[in-house]
>>> print(open('upload_31.cif').read())   # mmCIF, C-alpha atoms and all ligand atoms
data_structure
#
loop_
_atom_site.label_atom_id
_atom_site.label_comp_id
_atom_site.auth_asym_id
_atom_site.auth_seq_id
_atom_site.Cartn_x
_atom_site.Cartn_y
_atom_site.Cartn_z
CA MET P 203 -35.00 -22.33 -12.55
CA THR P 204 -38.69 -23.28 -12.79
CA GLN P 205 -41.52 -20.89 -13.75
CA LEU P 206 -42.53 -20.92 -10.05
CA ASP P 207 -38.98 -19.89 -8.99
CA ILE P 208 -39.05 -17.01 -11.48
CA PHE P 209 -42.51 -15.89 -10.29
CA LEU P 210 -41.47 -16.03 -6.62
CA ALA P 211 -38.19 -14.17 -7.27
CA ARG P 212 -40.08 -11.38 -9.06
CA ALA P 213 -42.70 -11.14 -6.29
CA VAL P 214 -40.05 -11.00 -3.52
CA LYS P 215 -38.07 -8.35 -5.38
CA ARG P 216 -41.20 -6.27 -5.96
CA TYR P 217 -42.04 -6.44 -2.25
CA LEU P 218 -38.48 -5.62 -1.10
CA THR P 219 -38.24 -2.63 -3.43
CA ARG P 220 -41.68 -1.19 -2.64
CA LYS P 221 -40.27 2.11 -1.27
CA PRO P 222 -40.32 4.85 -3.94
CA VAL P 223 -36.63 5.60 -3.50
CA LEU P 224 -35.80 1.95 -4.30
CA ARG P 225 -38.32 1.78 -7.15
CA ALA P 226 -36.46 4.66 -8.76
CA VAL P 227 -33.15 2.76 -8.91
CA ARG P 228 -32.06 1.96 -12.51
CA HIS P 229 -31.20 -1.65 -11.69
CA SER P 230 -31.42 -3.44 -8.34
CA GLU P 231 -30.89 -7.05 -7.30
CA PRO P 232 -31.79 -8.86 -4.07
CA SER P 233 -28.78 -10.13 -2.13
CA ILE P 234 -27.61 -11.62 1.19
CA ILE P 235 -25.08 -9.95 3.48
CA CYS P 236 -22.86 -12.32 5.44
CA SER P 237 -20.59 -11.93 8.47
CA ALA P 238 -16.93 -11.54 7.51
CA ASP P 239 -15.18 -12.65 10.72
CA ASP P 240 -15.87 -16.33 9.99
CA ASP P 241 -14.88 -16.06 6.31
CA ALA P 242 -11.46 -16.40 4.63
CA GLN P 243 -9.32 -13.32 5.29
CA THR P 244 -7.31 -11.15 2.96
CA ASN P 245 -3.49 -10.94 2.80
CA ASP P 246 -0.86 -8.22 2.36
CA LEU P 247 -0.47 -8.86 -1.37
CA LEU P 248 -4.18 -8.30 -2.07
CA VAL P 249 -4.33 -5.17 0.08
CA GLU P 250 -1.22 -3.68 -1.56
CA LEU P 251 -2.30 -4.55 -5.12
CA SER P 252 -5.78 -3.18 -4.42
CA LEU P 253 -4.60 0.10 -2.89
CA LYS P 254 -2.38 0.73 -5.92
CA ALA P 255 -5.12 -0.30 -8.36
CA ILE P 256 -7.71 1.96 -6.67
CA GLN P 257 -5.37 4.92 -6.83
CA ASP P 258 -4.27 4.20 -10.42
CA ALA P 259 -7.88 3.76 -11.54
CA ARG P 260 -8.70 7.20 -10.09
CA ASN P 261 -5.99 8.73 -12.24
CA THR P 262 -6.88 6.99 -15.48
CA SER P 263 -9.63 7.61 -17.99
CA LEU P 264 -11.36 5.46 -20.57
CA ARG P 265 -13.08 8.41 -22.22
CA ASP P 266 -11.40 7.66 -25.53
CA LEU P 267 -12.74 4.07 -25.59
CA ALA P 268 -16.20 5.41 -24.72
CA GLU P 269 -15.91 7.97 -27.52
CA LYS P 270 -14.59 5.43 -30.07
CA ASN P 271 -17.49 3.05 -29.39
CA LYS P 272 -20.18 5.65 -28.67
CA GLU P 273 -22.72 3.98 -30.96
CA LEU P 274 -22.75 0.96 -28.60
CA PRO P 275 -25.21 1.49 -25.70
CA ASP P 276 -22.95 -0.01 -22.99
CA ALA P 277 -20.07 2.40 -23.82
CA VAL P 278 -21.52 4.87 -21.27
CA TYR P 279 -20.27 2.57 -18.48
CA TYR P 280 -16.54 2.62 -19.36
CA ASP P 281 -15.70 5.60 -17.21
CA VAL P 282 -18.14 5.10 -14.34
CA TYR P 283 -15.72 4.82 -11.43
CA PRO P 284 -16.40 3.78 -8.76
CA GLY P 285 -19.51 1.89 -9.80
CA ASN P 286 -18.12 -0.13 -12.66
CA HIS P 287 -15.03 -2.28 -13.02
CA TYR P 288 -13.60 -1.18 -16.34
CA ARG P 289 -10.93 1.23 -15.08
CA LEU P 290 -9.97 -1.26 -12.39
CA LEU P 291 -9.56 -4.04 -14.96
CA GLN P 292 -7.35 -1.84 -17.10
CA VAL P 293 -4.99 -1.06 -14.22
CA LEU P 294 -4.94 -4.63 -12.89
CA ALA P 295 -3.91 -5.79 -16.37
CA ARG P 296 -1.21 -3.12 -16.43
CA ASN P 297 0.11 -3.72 -12.92
CA LEU P 298 -0.07 -7.48 -12.79
CA ALA P 299 -0.13 -9.22 -16.17
CA ARG P 300 3.12 -10.08 -17.94
CA ARG P 301 2.45 -13.24 -19.98
CA ARG P 302 -1.24 -14.11 -19.99
CA ILE P 303 -4.70 -12.98 -19.04
CA ILE P 304 -7.70 -15.27 -19.22
CA GLU P 305 -11.23 -13.92 -19.39
CA VAL P 306 -14.36 -16.04 -19.14
CA GLY P 307 -17.30 -14.21 -20.73
CA THR P 308 -16.44 -11.98 -23.71
CA PHE P 309 -19.92 -10.68 -24.63
CA THR P 310 -19.54 -7.24 -26.29
CA GLY P 311 -15.84 -7.14 -25.40
CA MET P 312 -15.84 -4.11 -23.06
CA SER P 313 -13.76 -5.82 -20.38
CA SER P 314 -11.46 -7.33 -23.04
CA ALA P 315 -10.97 -3.88 -24.58
CA CYS P 316 -9.96 -2.42 -21.17
CA MET P 317 -7.53 -5.21 -20.36
CA LEU P 318 -6.06 -5.05 -23.89
CA ARG P 319 -5.51 -1.34 -23.32
CA GLY P 320 -3.75 -1.94 -19.99
CA MET P 321 -1.67 -5.04 -20.58
CA PRO P 322 1.97 -4.83 -21.71
CA GLU P 323 3.14 -5.86 -25.22
CA SER P 324 4.52 -9.12 -23.80
CA CYS P 325 1.06 -10.25 -22.69
CA LYS P 326 -1.67 -12.16 -24.53
CA LEU P 327 -5.36 -12.25 -23.66
CA THR P 328 -7.47 -15.37 -24.20
CA THR P 329 -11.19 -14.78 -23.85
CA PHE P 330 -13.70 -17.65 -23.58
CA ASP P 331 -17.38 -17.56 -24.45
CA LEU P 332 -19.97 -19.83 -26.02
CA VAL P 333 -21.03 -17.14 -28.51
CA ALA P 334 -18.61 -15.62 -31.03
CA TRP P 335 -17.72 -11.95 -30.46
CA ARG P 336 -18.89 -11.06 -34.00
CA GLN P 337 -22.46 -11.98 -33.03
CA PHE P 338 -22.65 -8.87 -30.81
CA GLY P 339 -22.20 -5.17 -31.51
CA SER P 340 -18.61 -5.39 -30.28
CA HIS P 341 -16.00 -3.10 -28.74
CA LEU P 342 -13.43 -5.42 -30.33
CA SER P 343 -12.31 -5.30 -33.94
CA GLU P 344 -10.84 -7.64 -36.56
CA GLU P 345 -7.53 -5.75 -36.10
CA ASP P 346 -7.46 -6.60 -32.39
CA PHE P 347 -7.64 -10.31 -33.23
CA ALA P 348 -5.28 -10.03 -36.24
CA SER P 349 -2.65 -8.46 -33.93
CA GLY P 350 -2.44 -11.77 -32.04
CA ARG P 351 -2.82 -9.97 -28.69
CA ILE P 352 -6.30 -11.43 -28.19
CA THR P 353 -7.78 -14.82 -29.07
CA GLN P 354 -11.30 -16.03 -28.51
CA ILE P 355 -12.07 -19.68 -27.72
CA LEU P 356 -15.68 -20.93 -27.87
CA GLU P 357 -15.59 -23.70 -25.32
CA ASP P 358 -17.24 -24.47 -21.99
CA LEU P 359 -14.76 -24.38 -19.11
CA SER P 360 -17.25 -25.97 -16.74
CA ASN P 361 -16.52 -29.23 -18.53
CA PRO P 362 -13.58 -30.93 -16.71
CA SER P 363 -11.97 -32.38 -19.87
CA THR P 364 -12.27 -29.06 -21.75
CA PHE P 365 -10.70 -27.33 -18.76
CA GLU P 366 -7.89 -29.90 -18.62
CA LYS P 367 -6.99 -29.08 -22.24
CA HIS P 368 -6.44 -25.43 -21.30
CA LEU P 369 -4.72 -26.07 -17.96
CA PRO P 370 -1.23 -25.02 -19.22
CA LEU P 371 -2.73 -21.67 -20.26
CA PHE P 372 -4.19 -21.17 -16.79
CA ASN P 373 -0.91 -22.16 -15.11
CA GLU P 374 0.83 -19.38 -17.10
CA SER P 375 -1.70 -16.63 -16.32
CA GLU P 376 -1.27 -13.76 -13.90
CA LEU P 377 -4.87 -12.54 -14.16
CA ILE P 378 -8.09 -14.54 -14.55
CA PHE P 379 -11.29 -12.55 -14.92
CA CYS P 380 -14.51 -14.52 -14.58
CA ASP P 381 -17.65 -12.75 -15.83
CA ALA P 382 -19.75 -15.64 -17.13
CA PRO P 383 -23.48 -16.53 -16.79
CA LYS P 384 -23.89 -16.60 -12.94
CA ASP P 385 -26.66 -19.14 -13.48
CA GLY P 386 -26.04 -21.01 -10.24
CA ILE P 387 -24.26 -23.81 -12.13
CA PHE P 388 -21.37 -22.61 -14.32
CA GLU P 389 -19.31 -20.78 -11.69
CA HIS P 390 -19.62 -23.68 -9.20
CA LYS P 391 -18.21 -26.09 -11.78
CA PHE P 392 -15.64 -23.67 -13.20
CA LEU P 393 -14.18 -22.82 -9.78
CA THR P 394 -14.05 -26.52 -8.92
CA ASN P 395 -11.98 -27.01 -12.10
CA LEU P 396 -9.88 -23.97 -11.22
CA THR P 397 -8.63 -25.72 -8.06
CA ARG P 398 -6.43 -27.79 -10.42
CA VAL P 399 -4.43 -24.73 -11.51
CA LYS P 400 -0.84 -24.45 -10.25
CA PRO P 401 0.18 -20.88 -11.11
CA THR P 402 3.82 -20.41 -12.07
CA SER P 403 3.79 -16.78 -10.83
CA THR P 404 1.62 -14.42 -8.79
CA CYS P 405 -1.95 -14.93 -9.98
CA LEU P 406 -5.17 -13.07 -9.18
CA LEU P 407 -8.70 -14.27 -9.82
CA VAL P 408 -11.18 -11.43 -10.32
CA LEU P 409 -14.75 -12.58 -9.86
CA ASP P 410 -17.56 -10.36 -11.12
CA ASP P 411 -21.03 -9.99 -9.58
CA ILE P 412 -20.15 -11.65 -6.25
CA ARG P 413 -23.12 -9.94 -4.56
CA LEU P 414 -25.71 -11.50 -6.89
CA LEU P 415 -27.84 -14.16 -5.18
CA ASN P 416 -26.43 -16.92 -7.40
CA MET P 417 -22.88 -15.92 -6.48
CA ILE P 418 -23.13 -15.57 -2.68
CA ASP P 419 -22.29 -19.22 -1.97
CA VAL P 420 -19.56 -19.23 -4.66
CA TRP P 421 -17.82 -16.29 -2.97
CA ARG P 422 -18.35 -17.77 0.49
CA ALA P 423 -16.90 -21.16 -0.58
CA ILE P 424 -13.59 -19.54 -1.53
CA LYS P 425 -11.09 -20.27 1.24
CA SER P 426 -8.03 -18.69 -0.41
CA PRO P 427 -7.01 -15.13 0.61
CA LYS P 428 -9.65 -12.80 -0.83
CA LEU P 429 -10.92 -9.22 -0.74
CA ASP P 430 -14.34 -7.81 -1.60
CA LEU P 431 -13.48 -4.72 -3.67
CA THR P 432 -17.06 -3.87 -4.68
CA SER P 433 -16.85 -0.22 -3.60
CA PHE P 434 -14.08 0.28 -6.17
CA GLY P 435 -15.34 -2.16 -8.79
CA HIS P 436 -18.68 -3.25 -10.19
CA TRP P 437 -21.75 -2.29 -8.11
CA ALA P 438 -23.01 -5.91 -8.33
CA GLY P 439 -19.80 -7.12 -6.71
CA THR P 440 -16.11 -7.40 -7.50
CA GLY P 441 -14.07 -10.02 -5.66
CA LEU P 442 -10.29 -10.42 -5.75
CA VAL P 443 -8.72 -13.76 -4.84
CA ASP P 444 -5.02 -14.50 -4.49
CA ILE P 445 -4.62 -17.93 -6.12
CA THR P 446 -0.81 -17.83 -6.33
CA GLU P 447 -0.72 -20.88 -4.03
CA GLY P 448 -3.69 -22.45 -5.83
CA LEU P 449 -7.43 -21.95 -5.29
CA ARG P 450 -9.15 -23.43 -2.23
CA PHE P 451 -12.84 -23.79 -3.02
CA GLU P 452 -15.03 -25.76 -0.62
CA LEU P 453 -18.73 -25.83 -1.47
C1 LIG D 1 -21.94 -10.58 -18.42
S1 LIG D 1 -21.45 -11.15 -19.98
C2 LIG D 1 -19.75 -10.77 -20.04
C3 LIG D 1 -19.49 -9.29 -20.08
C4 LIG D 1 -18.08 -8.89 -20.43
N1 LIG D 1 -17.09 -9.53 -19.61
C5 LIG D 1 -17.92 -7.39 -20.27
O1 LIG D 1 -17.67 -6.87 -19.18
O2 LIG D 1 -18.02 -6.71 -21.28
C6 LIG D 1 -21.49 -12.89 -19.76
C7 LIG D 1 -21.04 -13.69 -20.96
O3 LIG D 1 -20.85 -15.04 -20.52
C8 LIG D 1 -21.11 -15.86 -21.62
N2 LIG D 1 -21.27 -17.25 -21.19
C9 LIG D 1 -22.37 -17.91 -20.83
N3 LIG D 1 -22.07 -19.19 -20.53
C10 LIG D 1 -20.74 -19.33 -20.69
C11 LIG D 1 -19.83 -20.40 -20.54
N4 LIG D 1 -20.24 -21.62 -20.16
N5 LIG D 1 -18.53 -20.18 -20.84
C12 LIG D 1 -18.10 -18.96 -21.21
N6 LIG D 1 -18.92 -17.90 -21.37
C13 LIG D 1 -20.22 -18.09 -21.12
C14 LIG D 1 -22.34 -15.26 -22.26
O4 LIG D 1 -22.47 -15.70 -23.60
C15 LIG D 1 -22.03 -13.77 -22.13
O5 LIG D 1 -21.41 -13.32 -23.31
#
>>> encode(input="upload_31.cif", output="structure tokens", more="lines below")
Ligand SMILES: C[S@@+](CC[C@H](N)C(=O)[O-])C[C@H]1O[C@@H](n2cnc3c(N)ncnc32)[C@H](O)[C@@H]1O
Amino acid sequence: MTQLDIFLARAVKRYLTRKPVLRAVRHSEPSIICSADDDAQTNDLLVELSLKAIQDARNTSLRDLAEKNKELPDAVYYDVYPGNHYRLLQVLARNLARRRIIEVGTFTGMSSACMLRGMPESCKLTTFDLVAWRQFGSHLSEEDFASGRITQILEDLSNPSTFEKHLPLFNESELIFCDAPKDGIFEHKFLTNLTRVKPTSTCLLVLDDIRLLNMIDVWRAIKSPKLDLTSFGHWAGTGLVDITEGLRFEL
């Protein structure tokens, strides 16, 4: 993004949010709404998994995680449901994952902590980032990593040869959660690499922030069965994709 792009984006957003009621919003982002009839459709599996996850997320609470990490400013978002995706991630990990979960984008570890909480003992979580978890005020602890249930790898999965190295891990996963930079570059390359995955069991891709401007074309380019679950996930967009038969991604 050039300085001019940044200036124009700020000016457009300021104009679009000129009404007082919009100015008062804590955080807003410009977006594009697209027709759905000419987009890839959902399937029975996604609808059934989603209905169960929505209901389960209603009946769960992450208050204890919020309490345990209350000194961290983002802990207030754990239990915002609907509106945030943390409860949903916990129940998807519980209902779906058996062997492996992959997360792209660890940051302060909130989403990792929720999936760790939900996933069964048999399951392992591998979380990728470019910055080590210890560099942030983290919701994760040394004990979490010592338990062997979670591993962090500091590598860039947009690189095809790096991705190739981890392909067996992806083939074994039942849940892939992508919450990376949304910079208009990474997700395009990562999803292109993800088309090489041949899941060995039912596998769901959960894509965060699908309503952000940089993610609209990424979401639209997905031709596999998919469902926009934003109303029961993260306000900036939560997309579910059934990639059991592989990912079709056509930019
Ligand atoms: C929005 S944060 C993730 C938030 C986290 N999933 C949560 O809910 O708590 C995005 C993260 O993506 C990481 N990131 C940026 N580029 C990346 C890349 N190429 N590969 C993996 N992670 C990347 C950033 O360092 C940052 O920690």
>>> residues_around(input="upload_31.cif", residues="Gly439 (chain P)", least_positions_apart="3", cutoff="8 Å", atoms="only C-alpha atoms", output="list in words")
Asp410, Asp411, Ile412, Arg413, Leu414, Asp430, Leu431, Thr432, Gly435 and His436 of chain P
>>> atom_distance(input="upload_31.cif", atom1="CA of Gly441 (chain P)", atom2="CA of Leu396 (chain P)")
15.6 Å
>>> atom_distance(input="upload_31.cif", atom1="CA of Trp437 (chain P)", atom2="CA of Asp207 (chain P)")
24.6 Å
>>> residues_near_ligand(input="upload_31.cif", ligand="ligand LIG 1 (chain D)", cutoff="7 Å", atoms="all atoms listed in the file", output="list of chain:residue names")
P:Val306, P:Gly307, P:Thr308, P:Phe309, P:Thr310, P:Gly311, P:Met312, P:Ser313, P:Ser314, P:Phe330, P:Asp331, P:Leu332, P:Val333, P:Glu357, P:Asp358, P:Leu359, P:Ser360, P:Asp381, P:Ala382, P:Pro383, P:Phe388
>>> atom_distance(input="upload_31.cif", atom1="CA of Cys380 (chain P)", atom2="CA of Asp346 (chain P)")
20.7 Å
>>> residues_around(input="upload_31.cif", residues="Leu342 (chain P)", least_positions_apart="6", cutoff="12 Å", atoms="all atoms listed in the file", output="list of chain:residue names")
P:Leu267, P:Lys270, P:Asn271, P:Leu274, P:Thr308, P:Phe309, P:Thr310, P:Gly311, P:Met312, P:Ser313, P:Ser314, P:Ala315, P:Cys316, P:Met317, P:Leu318, P:Arg319, P:Thr329, P:Ala334, P:Trp335, P:Arg336, P:Ala348, P:Ser349, P:Arg351, P:Ile352, P:Thr353, P:Gln354
>>> residues_around(input="upload_31.cif", residues="Glu250 (chain P)", least_positions_apart="3", cutoff="12 Å", atoms="all atoms listed in the file", output="MDAnalysis selection string")
chainID P and resid 244:247 253:257 294 297:298 429 444
>>> residues_around(input="upload_31.cif", residues="Tyr283 (chain P)", least_positions_apart="2", cutoff="12 Å", atoms="only C-alpha atoms", output="JSON, numbers by chain")
{"P": [256, 257, 258, 259, 260, 261, 262, 263, 264, 265, 278, 279, 280, 281, 285, 286, 287, 288, 289, 290, 291, 432, 433, 434, 435, 436, 437]}
>>> closest_residue(input="upload_31.cif", among="P:Ala238, P:Ile303, P:Leu449, P:Leu210", to="Val399 (chain P)", atoms="all atoms listed in the file")
P:Leu449
>>> residues_near_point(input="upload_31.cif", point="(-1.2, -6.3, -19.2)", cutoff="6 Å", atoms="only C-alpha atoms", output="VMD selection string")
chain P and resid 295 to 296 299 to 300 320 to 322 325
>>> write_last_selection(input="upload_31.cif", atoms="C-alpha atoms", output="PDB file, in the frame of the given file")
ATOM      1  CA  ALA P 295      -3.910  -5.790 -16.370  1.00  0.00           C
ATOM      2  CA  ARG P 296      -1.210  -3.120 -16.430  1.00  0.00           C
ATOM      3  CA  ALA P 299      -0.130  -9.220 -16.170  1.00  0.00           C
ATOM      4  CA  ARG P 300       3.120 -10.080 -17.940  1.00  0.00           C
ATOM      5  CA  GLY P 320      -3.750  -1.940 -19.990  1.00  0.00           C
ATOM      6  CA  MET P 321      -1.670  -5.040 -20.580  1.00  0.00           C
ATOM      7  CA  PRO P 322       1.970  -4.830 -21.710  1.00  0.00           C
ATOM      8  CA  CYS P 325       1.060 -10.250 -22.690  1.00  0.00           C
TER       9      CYS P 325
END
>>> closest_residue(input="upload_31.cif", among="P:Thr364, P:Thr446, P:Gln337, P:Ser324", to="Ile378 (chain P)", atoms="only C-alpha atoms")
P:Thr446
>>> closest_residue(input="upload_31.cif", among="P:Ser230, P:Thr394, P:Thr404, P:Ser340", to="Leu251 (chain P)", atoms="only C-alpha atoms")
P:Thr404
>>> residues_around(input="upload_31.cif", residues="Ile424 (chain P)", least_positions_apart="2", cutoff="12 Å", atoms="only C-alpha atoms", output="PyMOL selection string")
chain P and resi 241-244+389-390+393-394+396-397+407+409+412+417-422+426-430+441-445+448-453
>>> axis_aligned_box(input="upload_31.cif", around="region 308-313 of chain P", padding_each_side="3 Å", output="AutoDock Vina command-line options")
--center_x -16.8 --center_y -8.0 --center_z -23.3 --size_x 12.2 --size_y 13.9 --size_z 11.9
